[in-house]
>>> print(open('work_29.pdb').read())   # PDB, C-alpha atoms
ATOM      1  CA  MET F  12     111.163  92.585 124.231
ATOM      2  CA  LYS F  13     110.996  95.944 122.485
ATOM      3  CA  GLU F  14     112.971  98.798 123.993
ATOM      4  CA  LYS F  15     110.714 101.728 124.850
ATOM      5  CA  VAL F  16     111.642 105.184 123.585
ATOM      6  CA  ASN F  17     109.878 108.510 124.218
ATOM      7  CA  PHE F  18     110.430 111.211 121.616
ATOM      8  CA  TRP F  19     109.259 114.806 122.133
ATOM      9  CA  PHE F  20     108.685 116.786 118.926
ATOM     10  CA  ASP F  21     107.360 120.069 117.582
ATOM     11  CA  VAL F  22     106.353 119.609 113.947
ATOM     12  CA  SER F  23     107.675 123.053 113.016
ATOM     13  CA  CYS F  24     111.302 122.277 113.933
ATOM     14  CA  PRO F  25     113.349 121.051 110.944
ATOM     15  CA  TRP F  26     116.159 119.747 113.170
ATOM     16  CA  THR F  27     113.710 117.634 115.154
ATOM     17  CA  TRP F  28     112.268 116.346 111.895
ATOM     18  CA  ILE F  29     115.688 115.116 110.783
ATOM     19  CA  THR F  30     116.299 113.408 114.131
ATOM     20  CA  SER F  31     112.858 111.804 114.013
ATOM     21  CA  ARG F  32     113.539 110.260 110.596
ATOM     22  CA  TRP F  33     116.801 108.858 111.994
ATOM     23  CA  LEU F  34     114.880 107.374 114.914
ATOM     24  CA  VAL F  35     112.350 105.792 112.535
ATOM     25  CA  ASP F  36     115.238 104.203 110.625
ATOM     26  CA  VAL F  37     116.800 102.895 113.849
ATOM     27  CA  SER F  38     113.478 101.670 115.209
ATOM     28  CA  GLU F  39     112.908  99.534 112.123
ATOM     29  CA  GLN F  40     116.328  97.926 112.545
ATOM     30  CA  ARG F  41     116.234  97.597 116.339
ATOM     31  CA  ASP F  42     112.494  97.028 116.852
ATOM     32  CA  LEU F  43     112.109 100.015 119.168
ATOM     33  CA  ASP F  44     108.736 100.913 120.641
ATOM     34  CA  VAL F  45     108.549 104.681 120.069
ATOM     35  CA  THR F  46     105.984 106.898 121.774
ATOM     36  CA  TRP F  47     105.665 110.242 119.999
ATOM     37  CA  ARG F  48     105.085 113.027 122.532
ATOM     38  CA  PRO F  49     103.968 116.515 121.464
ATOM     39  CA  PHE F  50     106.073 119.493 122.538
ATOM     40  CA  SER F  51     105.368 123.191 121.983
ATOM     41  CA  LEU F  52     108.133 125.652 121.179
ATOM     42  CA  PHE F  53     105.446 128.311 121.632
ATOM     43  CA  GLU F  54     104.868 127.231 125.239
ATOM     44  CA  LEU F  55     108.615 126.992 125.876
ATOM     45  CA  ASN F  56     109.301 130.496 124.606
ATOM     46  CA  LYS F  57     106.093 132.473 125.179
ATOM     47  CA  ASP F  58     107.500 134.512 128.091
ATOM     48  CA  ARG F  59     111.010 134.933 126.710
ATOM     49  CA  ASP F  60     112.569 137.904 124.953
ATOM     50  CA  LEU F  61     113.070 136.641 121.386
ATOM     51  CA  PRO F  62     114.120 138.064 118.018
ATOM     52  CA  GLU F  63     111.039 139.229 116.126
ATOM     53  CA  ASP F  64     111.407 136.698 113.309
ATOM     54  CA  TYR F  65     111.604 133.742 115.711
ATOM     55  CA  ARG F  66     108.700 135.115 117.752
ATOM     56  CA  LYS F  67     106.602 135.163 114.565
ATOM     57  CA  HIS F  68     107.715 131.607 113.698
ATOM     58  CA  ILE F  69     106.628 130.103 117.012
ATOM     59  CA  GLU F  70     103.349 132.019 117.017
ATOM     60  CA  ASP F  71     102.590 130.942 113.438
ATOM     61  CA  SER F  72     103.354 127.315 114.295
ATOM     62  CA  ARG F  73     101.465 127.174 117.612
ATOM     63  CA  ASN F  74      98.704 125.033 116.140
ATOM     64  CA  PHE F  75     101.164 122.248 115.312
ATOM     65  CA  GLY F  76     101.603 121.460 118.994
ATOM     66  CA  ARG F  77      97.879 121.771 119.543
ATOM     67  CA  ILE F  78      96.878 119.436 116.698
ATOM     68  CA  SER F  79      99.599 116.939 117.602
ATOM     69  CA  MET F  80      98.173 116.769 121.108
ATOM     70  CA  ALA F  81      94.633 116.471 119.745
ATOM     71  CA  VAL F  82      95.752 113.399 117.803
ATOM     72  CA  SER F  83      97.634 112.071 120.834
ATOM     73  CA  LYS F  84      94.551 112.369 123.050
ATOM     74  CA  THR F  85      92.008 110.995 120.584
ATOM     75  CA  SER F  86      94.044 108.488 118.506
ATOM     76  CA  PRO F  87      97.318 107.821 120.367
ATOM     77  CA  ASP F  88      98.306 105.015 118.026
ATOM     78  CA  ARG F  89      98.219 107.442 115.071
ATOM     79  CA  VAL F  90     100.545 110.177 116.367
ATOM     80  CA  GLY F  91     103.662 108.870 114.622
ATOM     81  CA  GLU F  92     101.804 108.407 111.356
ATOM     82  CA  PHE F  93     100.309 111.895 111.583
ATOM     83  CA  TYR F  94     103.690 113.452 112.395
ATOM     84  CA  THR F  95     105.182 111.699 109.367
ATOM     85  CA  GLU F  96     102.424 113.020 107.111
ATOM     86  CA  LEU F  97     102.538 116.599 108.378
ATOM     87  CA  GLY F  98     106.327 116.742 108.711
ATOM     88  CA  THR F  99     106.826 115.450 105.168
ATOM     89  CA  ARG F 100     104.471 118.095 103.814
ATOM     90  CA  ILE F 101     106.073 120.933 105.786
ATOM     91  CA  HIS F 102     109.751 120.049 105.502
ATOM     92  CA  ASN F 103     110.318 117.807 102.497
ATOM     93  CA  ASP F 104     107.555 119.150 100.253
ATOM     94  CA  GLU F 105     107.856 122.751 101.521
ATOM     95  CA  GLN F 106     104.099 123.201 101.811
ATOM     96  CA  PRO F 107     102.927 126.276 103.740
ATOM     97  CA  GLN F 108     102.422 126.003 107.503
ATOM     98  CA  THR F 109      98.674 126.568 107.240
ATOM     99  CA  ASP F 110      95.419 125.013 108.385
ATOM    100  CA  GLU F 111      94.993 123.562 104.900
ATOM    101  CA  THR F 112      98.232 121.620 105.209
ATOM    102  CA  ILE F 113      97.221 120.324 108.636
ATOM    103  CA  LEU F 114      93.825 119.273 107.268
ATOM    104  CA  ALA F 115      95.459 117.427 104.376
ATOM    105  CA  ALA F 116      97.662 115.504 106.820
ATOM    106  CA  LEU F 117      94.665 114.644 109.018
ATOM    107  CA  SER F 118      92.774 113.381 105.989
ATOM    108  CA  ALA F 119      95.741 111.313 104.796
ATOM    109  CA  VAL F 120      95.755 109.311 108.029
ATOM    110  CA  GLY F 121      91.979 109.050 108.276
ATOM    111  CA  LEU F 122      91.408 111.525 111.105
ATOM    112  CA  ASP F 123      88.464 113.912 111.381
ATOM    113  CA  ALA F 124      88.971 117.533 110.298
ATOM    114  CA  GLU F 125      87.017 118.735 113.346
ATOM    115  CA  LEU F 126      90.057 117.913 115.472
ATOM    116  CA  LEU F 127      91.724 121.053 114.148
ATOM    117  CA  GLU F 128      88.893 123.326 115.295
ATOM    118  CA  ARG F 129      88.885 121.671 118.710
ATOM    119  CA  ALA F 130      92.637 122.134 118.941
ATOM    120  CA  LYS F 131      92.541 125.791 117.847
ATOM    121  CA  ALA F 132      89.811 126.459 120.405
ATOM    122  CA  GLY F 133      92.279 125.494 123.138
ATOM    123  CA  GLU F 134      90.729 122.184 124.186
ATOM    124  CA  PHE F 135      94.134 120.482 124.400
ATOM    125  CA  ASP F 136      96.265 123.421 125.570
ATOM    126  CA  ASP F 137      96.662 122.149 129.130
ATOM    127  CA  ALA F 138      97.814 118.783 127.810
ATOM    128  CA  VAL F 139     100.282 120.493 125.449
ATOM    129  CA  ARG F 140     101.763 122.430 128.358
ATOM    130  CA  ALA F 141     101.964 119.294 130.500
ATOM    131  CA  SER F 142     103.679 117.253 127.779
ATOM    132  CA  THR F 143     106.138 120.071 127.079
ATOM    133  CA  GLN F 144     106.940 120.356 130.778
ATOM    134  CA  ALA F 145     107.323 116.588 131.113
ATOM    135  CA  GLY F 146     110.079 116.654 128.502
ATOM    136  CA  LEU F 147     111.783 119.648 130.100
ATOM    137  CA  ASP F 148     111.615 118.027 133.528
ATOM    138  CA  LEU F 149     113.886 115.295 132.185
ATOM    139  CA  VAL F 150     116.545 117.479 130.564
ATOM    140  CA  GLY F 151     116.235 121.044 131.898
ATOM    141  CA  ASP F 152     114.649 124.161 130.441
ATOM    142  CA  ASP F 153     117.640 125.487 128.499
ATOM    143  CA  VAL F 154     116.912 123.218 125.516
ATOM    144  CA  GLY F 155     114.101 122.631 123.055
ATOM    145  CA  VAL F 156     113.456 119.592 120.907
ATOM    146  CA  PRO F 157     114.207 116.870 120.031
ATOM    147  CA  ILE F 158     114.179 115.217 123.452
ATOM    148  CA  ILE F 159     114.691 111.463 123.691
ATOM    149  CA  GLU F 160     114.162 109.239 126.714
ATOM    150  CA  VAL F 161     115.507 105.684 126.512
ATOM    151  CA  ALA F 162     117.126 103.082 128.758
ATOM    152  CA  GLY F 163     116.754 105.150 131.908
ATOM    153  CA  VAL F 164     118.250 108.360 130.523
ATOM    154  CA  ALA F 165     116.961 111.406 128.650
ATOM    155  CA  PHE F 166     118.772 113.972 126.530
ATOM    156  CA  PHE F 167     118.310 116.799 124.040
ATOM    157  CA  GLY F 168     119.293 115.914 120.483
ATOM    158  CA  PRO F 169     121.135 114.673 118.658
ATOM    159  CA  VAL F 170     121.044 117.477 116.114
ATOM    160  CA  MET F 171     122.487 116.408 112.756
ATOM    161  CA  SER F 172     122.227 117.216 109.085
ATOM    162  CA  PRO F 173     121.840 114.974 107.244
ATOM    163  CA  ALA F 174     120.991 112.056 109.507
ATOM    164  CA  PRO F 175     122.938 108.825 109.036
ATOM    165  CA  GLN F 176     121.076 105.918 107.476
ATOM    166  CA  GLY F 177     121.154 102.134 107.603
ATOM    167  CA  ALA F 178     124.015 100.621 109.580
ATOM    168  CA  ASP F 179     125.432 104.094 110.231
ATOM    169  CA  ALA F 180     122.130 105.122 111.828
ATOM    170  CA  VAL F 181     122.326 102.222 114.286
ATOM    171  CA  LYS F 182     125.975 102.954 115.034
ATOM    172  CA  ALA F 183     125.076 106.572 115.834
ATOM    173  CA  TRP F 184     122.177 105.403 118.018
ATOM    174  CA  ASP F 185     124.350 103.033 120.035
ATOM    175  CA  GLY F 186     126.975 105.728 120.545
ATOM    176  CA  THR F 187     124.413 108.350 121.531
ATOM    177  CA  VAL F 188     122.746 106.110 124.101
ATOM    178  CA  ALA F 189     126.097 104.947 125.498
ATOM    179  CA  LEU F 190     127.279 108.521 125.915
ATOM    180  CA  ALA F 191     123.986 109.609 127.480
ATOM    181  CA  GLN F 192     124.308 106.814 130.038
ATOM    182  CA  THR F 193     127.793 107.941 131.060
ATOM    183  CA  LYS F 194     127.620 109.416 134.542
ATOM    184  CA  GLY F 195     128.552 113.082 134.565
ATOM    185  CA  PHE F 196     128.103 113.604 130.825
ATOM    186  CA  PHE F 197     125.954 116.591 129.860
ATOM    187  CA  GLU F 198     127.110 118.209 126.601
ATOM    188  CA  LEU F 199     128.789 117.541 123.273
ATOM    189  CA  LYS F 200     128.532 120.265 120.651
ATOM    190  CA  ARG F 201     130.134 121.998 117.684
ATOM    191  CA  SER F 202     129.060 124.864 115.438
ATOM    192  CA  ARG F 203     126.628 124.040 112.646
ATOM    193  CA  ASP F 204     128.117 124.441 109.199
ATOM    194  CA  VAL F 205     125.073 123.334 107.155
ATOM    195  CA  GLY F 206     121.364 123.908 107.278
ATOM    196  CA  PRO F 207     118.726 121.201 107.567
ATOM    197  CA  ILE F 208     119.257 118.465 104.951
ATOM    198  CA  PHE F 209     116.280 116.139 104.553
ATOM    199  CA  ASN F 210     117.136 112.683 103.241
TER
END
>>> encode(input="work_29.pdb", output="structure tokens")
Amino acid sequence: MKEKVNFWFDVSCPWTWITSRWLVDVSEQRDLDVTWRPFSLFELNKDRDLPEDYRKHIEDSRNFGRISMAVSKTSPDRVGEFYTELGTRIHNDEQPQTDETILAALSAVGLDAELLERAKAGEFDDAVRASTQAGLDLVGDDVGVPIIEVAGVAFFGPVMSPAPQGADAVKAWDGTVALAQTKGFFELKRSRDVGPIFN
């Protein structure tokens, strides 16, 4: 039987993108059943005092959470495929974070362009907030994404650059899950010494 995994993501986050590609690699080797759950860094941070450049980033990327939820609500079996299309364009191909890029990703997976207008009009905002809160309820509100829930535990991360691949990806997965299941464990961290590296 497939092991169920919930993965919360905001398309705009490069660190979450790296972790998601690692999870895809692991899921193909371990036959995981991944549910891709939209998260909004805009919703997480909208009432917080933030540096101006980060405030602009989350405001500019607000529609990513909205369109991800629109896909989740209307074509739930296509969320992972859509995230792959949009994430590849934004992070690997360095396309601009614009409506045009979102529309190209929708078209690539056979979804209707009108979803974007519905999303921008706020139709799915309540669902975005609820999904974001559902992830935070599992791990606390002092984190962002990625959030993973598996085997009865949930955790923020892992954050890595670049992500391990192949057998090393599975080894990292097994270690991450084992550590997350250890009673009393809550943090493992060191300073980042590289930026996002996309495999």
>>> resolve_selection(input="work_29.pdb", expression="the PyMOL selection byres ((chain F and resi 82) around 10)", output="list in words")
Pro49, Arg77, Ile78, Ser79, Met80, Ala81, Ser83, Lys84, Thr85, Ser86, Pro87, Asp88, Arg89, Val90, Gly91, Phe93, Tyr94, Leu117, Leu122, Asp123, Leu126, Leu127, Ala130 and Phe135 of chain F
>>> write_last_selection(input="work_29.pdb", atoms="C-alpha atoms", output="compact mmCIF listing (two decimals), in the frame of the given file")
# COMPACT_ATOMS: atom_id res chain seq x y z
CA PRO F 49 103.97 116.52 121.46
CA ARG F 77 97.88 121.77 119.54
CA ILE F 78 96.88 119.44 116.70
CA SER F 79 99.60 116.94 117.60
CA MET F 80 98.17 116.77 121.11
CA ALA F 81 94.63 116.47 119.74
CA SER F 83 97.63 112.07 120.83
CA LYS F 84 94.55 112.37 123.05
CA THR F 85 92.01 111.00 120.58
CA SER F 86 94.04 108.49 118.51
CA PRO F 87 97.32 107.82 120.37
CA ASP F 88 98.31 105.02 118.03
CA ARG F 89 98.22 107.44 115.07
CA VAL F 90 100.54 110.18 116.37
CA GLY F 91 103.66 108.87 114.62
CA PHE F 93 100.31 111.90 111.58
CA TYR F 94 103.69 113.45 112.40
CA LEU F 117 94.66 114.64 109.02
CA LEU F 122 91.41 111.52 111.10
CA ASP F 123 88.46 113.91 111.38
CA LEU F 126 90.06 117.91 115.47
CA LEU F 127 91.72 121.05 114.15
CA ALA F 130 92.64 122.13 118.94
CA PHE F 135 94.13 120.48 124.40
>>> closest_residue(input="work_29.pdb", among="F:Glu96, F:Glu39, F:Asp179, F:Glu160", to="F:Ala191", atoms="all atoms listed in the file")
F:Glu160
>>> resolve_selection(input="work_29.pdb", expression="the PyMOL selection byres ((chain F and resi 204-208) around 9)", output="PyMOL selection string")
chain F and resi 25-26+29+171-174+202-203+209-210
>>> residues_around(input="work_29.pdb", residues="F:Lys67", least_positions_apart="5", cutoff="12 Å", atoms="only C-alpha atoms", output="list of chain:residue names")
F:Leu52, F:Phe53, F:Asn56, F:Lys57, F:Leu61, F:Pro62, F:Ser72, F:Arg73
>>> closest_residue(input="work_29.pdb", among="F:Leu147, F:Pro169, F:Ala183, F:Ala119", to="F:Lys200", atoms="all atoms listed in the file")
F:Pro169
>>> atom_distance(input="work_29.pdb", atom1="atom CA of F:Gln176", atom2="atom CA of F:Phe196")
25.6 Å
>>> decode(input="work_29.pdb", residues="stretch 125-169 of chain F", atoms="C-alpha atoms", output="PDB file, in the first residue's frame")
ATOM      1  CA  GLU F 125     -10.382  31.497 -16.897  1.00  0.00           C
ATOM      2  CA  LEU F 126      -9.187  29.870 -13.678  1.00  0.00           C
ATOM      3  CA  LEU F 127      -6.686  32.693 -13.282  1.00  0.00           C
ATOM      4  CA  GLU F 128      -9.360  35.401 -13.417  1.00  0.00           C
ATOM      5  CA  ARG F 129     -11.488  33.489 -10.923  1.00  0.00           C
ATOM      6  CA  ALA F 130      -8.487  33.131  -8.640  1.00  0.00           C
ATOM      7  CA  LYS F 131      -7.492  36.808  -8.898  1.00  0.00           C
ATOM      8  CA  ALA F 132     -11.076  37.806  -8.122  1.00  0.00           C
ATOM      9  CA  GLY F 133     -10.708  36.107  -4.736  1.00  0.00           C
ATOM     10  CA  GLU F 134     -12.980  33.118  -5.330  1.00  0.00           C
ATOM     11  CA  PHE F 135     -10.526  30.726  -3.658  1.00  0.00           C
ATOM     12  CA  ASP F 136      -9.068  33.037  -0.997  1.00  0.00           C
ATOM     13  CA  ASP F 137     -10.896  31.400   1.905  1.00  0.00           C
ATOM     14  CA  ALA F 138      -9.638  27.997   0.794  1.00  0.00           C
ATOM     15  CA  VAL F 139      -6.079  29.352   0.493  1.00  0.00           C
ATOM     16  CA  ARG F 140      -6.253  30.670   4.048  1.00  0.00           C
ATOM     17  CA  ALA F 141      -7.681  27.385   5.324  1.00  0.00           C
ATOM     18  CA  SER F 142      -5.010  25.278   3.612  1.00  0.00           C
ATOM     19  CA  THR F 143      -2.251  27.567   4.884  1.00  0.00           C
ATOM     20  CA  GLN F 144      -3.630  27.349   8.413  1.00  0.00           C
ATOM     21  CA  ALA F 145      -3.978  23.571   8.178  1.00  0.00           C
ATOM     22  CA  GLY F 146      -0.251  23.286   7.512  1.00  0.00           C
ATOM     23  CA  LEU F 147       0.626  25.702  10.308  1.00  0.00           C
ATOM     24  CA  ASP F 148      -1.635  23.856  12.734  1.00  0.00           C
ATOM     25  CA  LEU F 149       0.632  20.838  12.321  1.00  0.00           C
ATOM     26  CA  VAL F 150       3.992  22.548  12.822  1.00  0.00           C
ATOM     27  CA  GLY F 151       3.440  25.967  14.433  1.00  0.00           C
ATOM     28  CA  ASP F 152       3.350  29.464  12.978  1.00  0.00           C
ATOM     29  CA  ASP F 153       7.054  30.298  13.228  1.00  0.00           C
ATOM     30  CA  VAL F 154       7.843  28.505   9.950  1.00  0.00           C
ATOM     31  CA  GLY F 155       6.846  28.742   6.310  1.00  0.00           C
ATOM     32  CA  VAL F 156       7.138  26.108   3.619  1.00  0.00           C
ATOM     33  CA  PRO F 157       7.901  23.378   2.781  1.00  0.00           C
ATOM     34  CA  ILE F 158       5.754  21.471   5.269  1.00  0.00           C
ATOM     35  CA  ILE F 159       5.567  17.687   5.027  1.00  0.00           C
ATOM     36  CA  GLU F 160       3.160  15.367   6.812  1.00  0.00           C
ATOM     37  CA  VAL F 161       3.927  11.640   6.689  1.00  0.00           C
ATOM     38  CA  ALA F 162       3.668   8.568   8.910  1.00  0.00           C
ATOM     39  CA  GLY F 163       1.859  10.382  11.698  1.00  0.00           C
ATOM     40  CA  VAL F 164       4.263  13.315  11.966  1.00  0.00           C
ATOM     41  CA  ALA F 165       4.641  16.717  10.314  1.00  0.00           C
ATOM     42  CA  PHE F 166       7.634  19.023  10.022  1.00  0.00           C
ATOM     43  CA  PHE F 167       9.006  22.092   8.261  1.00  0.00           C
ATOM     44  CA  GLY F 168      11.693  21.338   5.689  1.00  0.00           C
ATOM     45  CA  PRO F 169      14.067  19.904   4.934  1.00  0.00           C
TER      46      PRO F 169
END
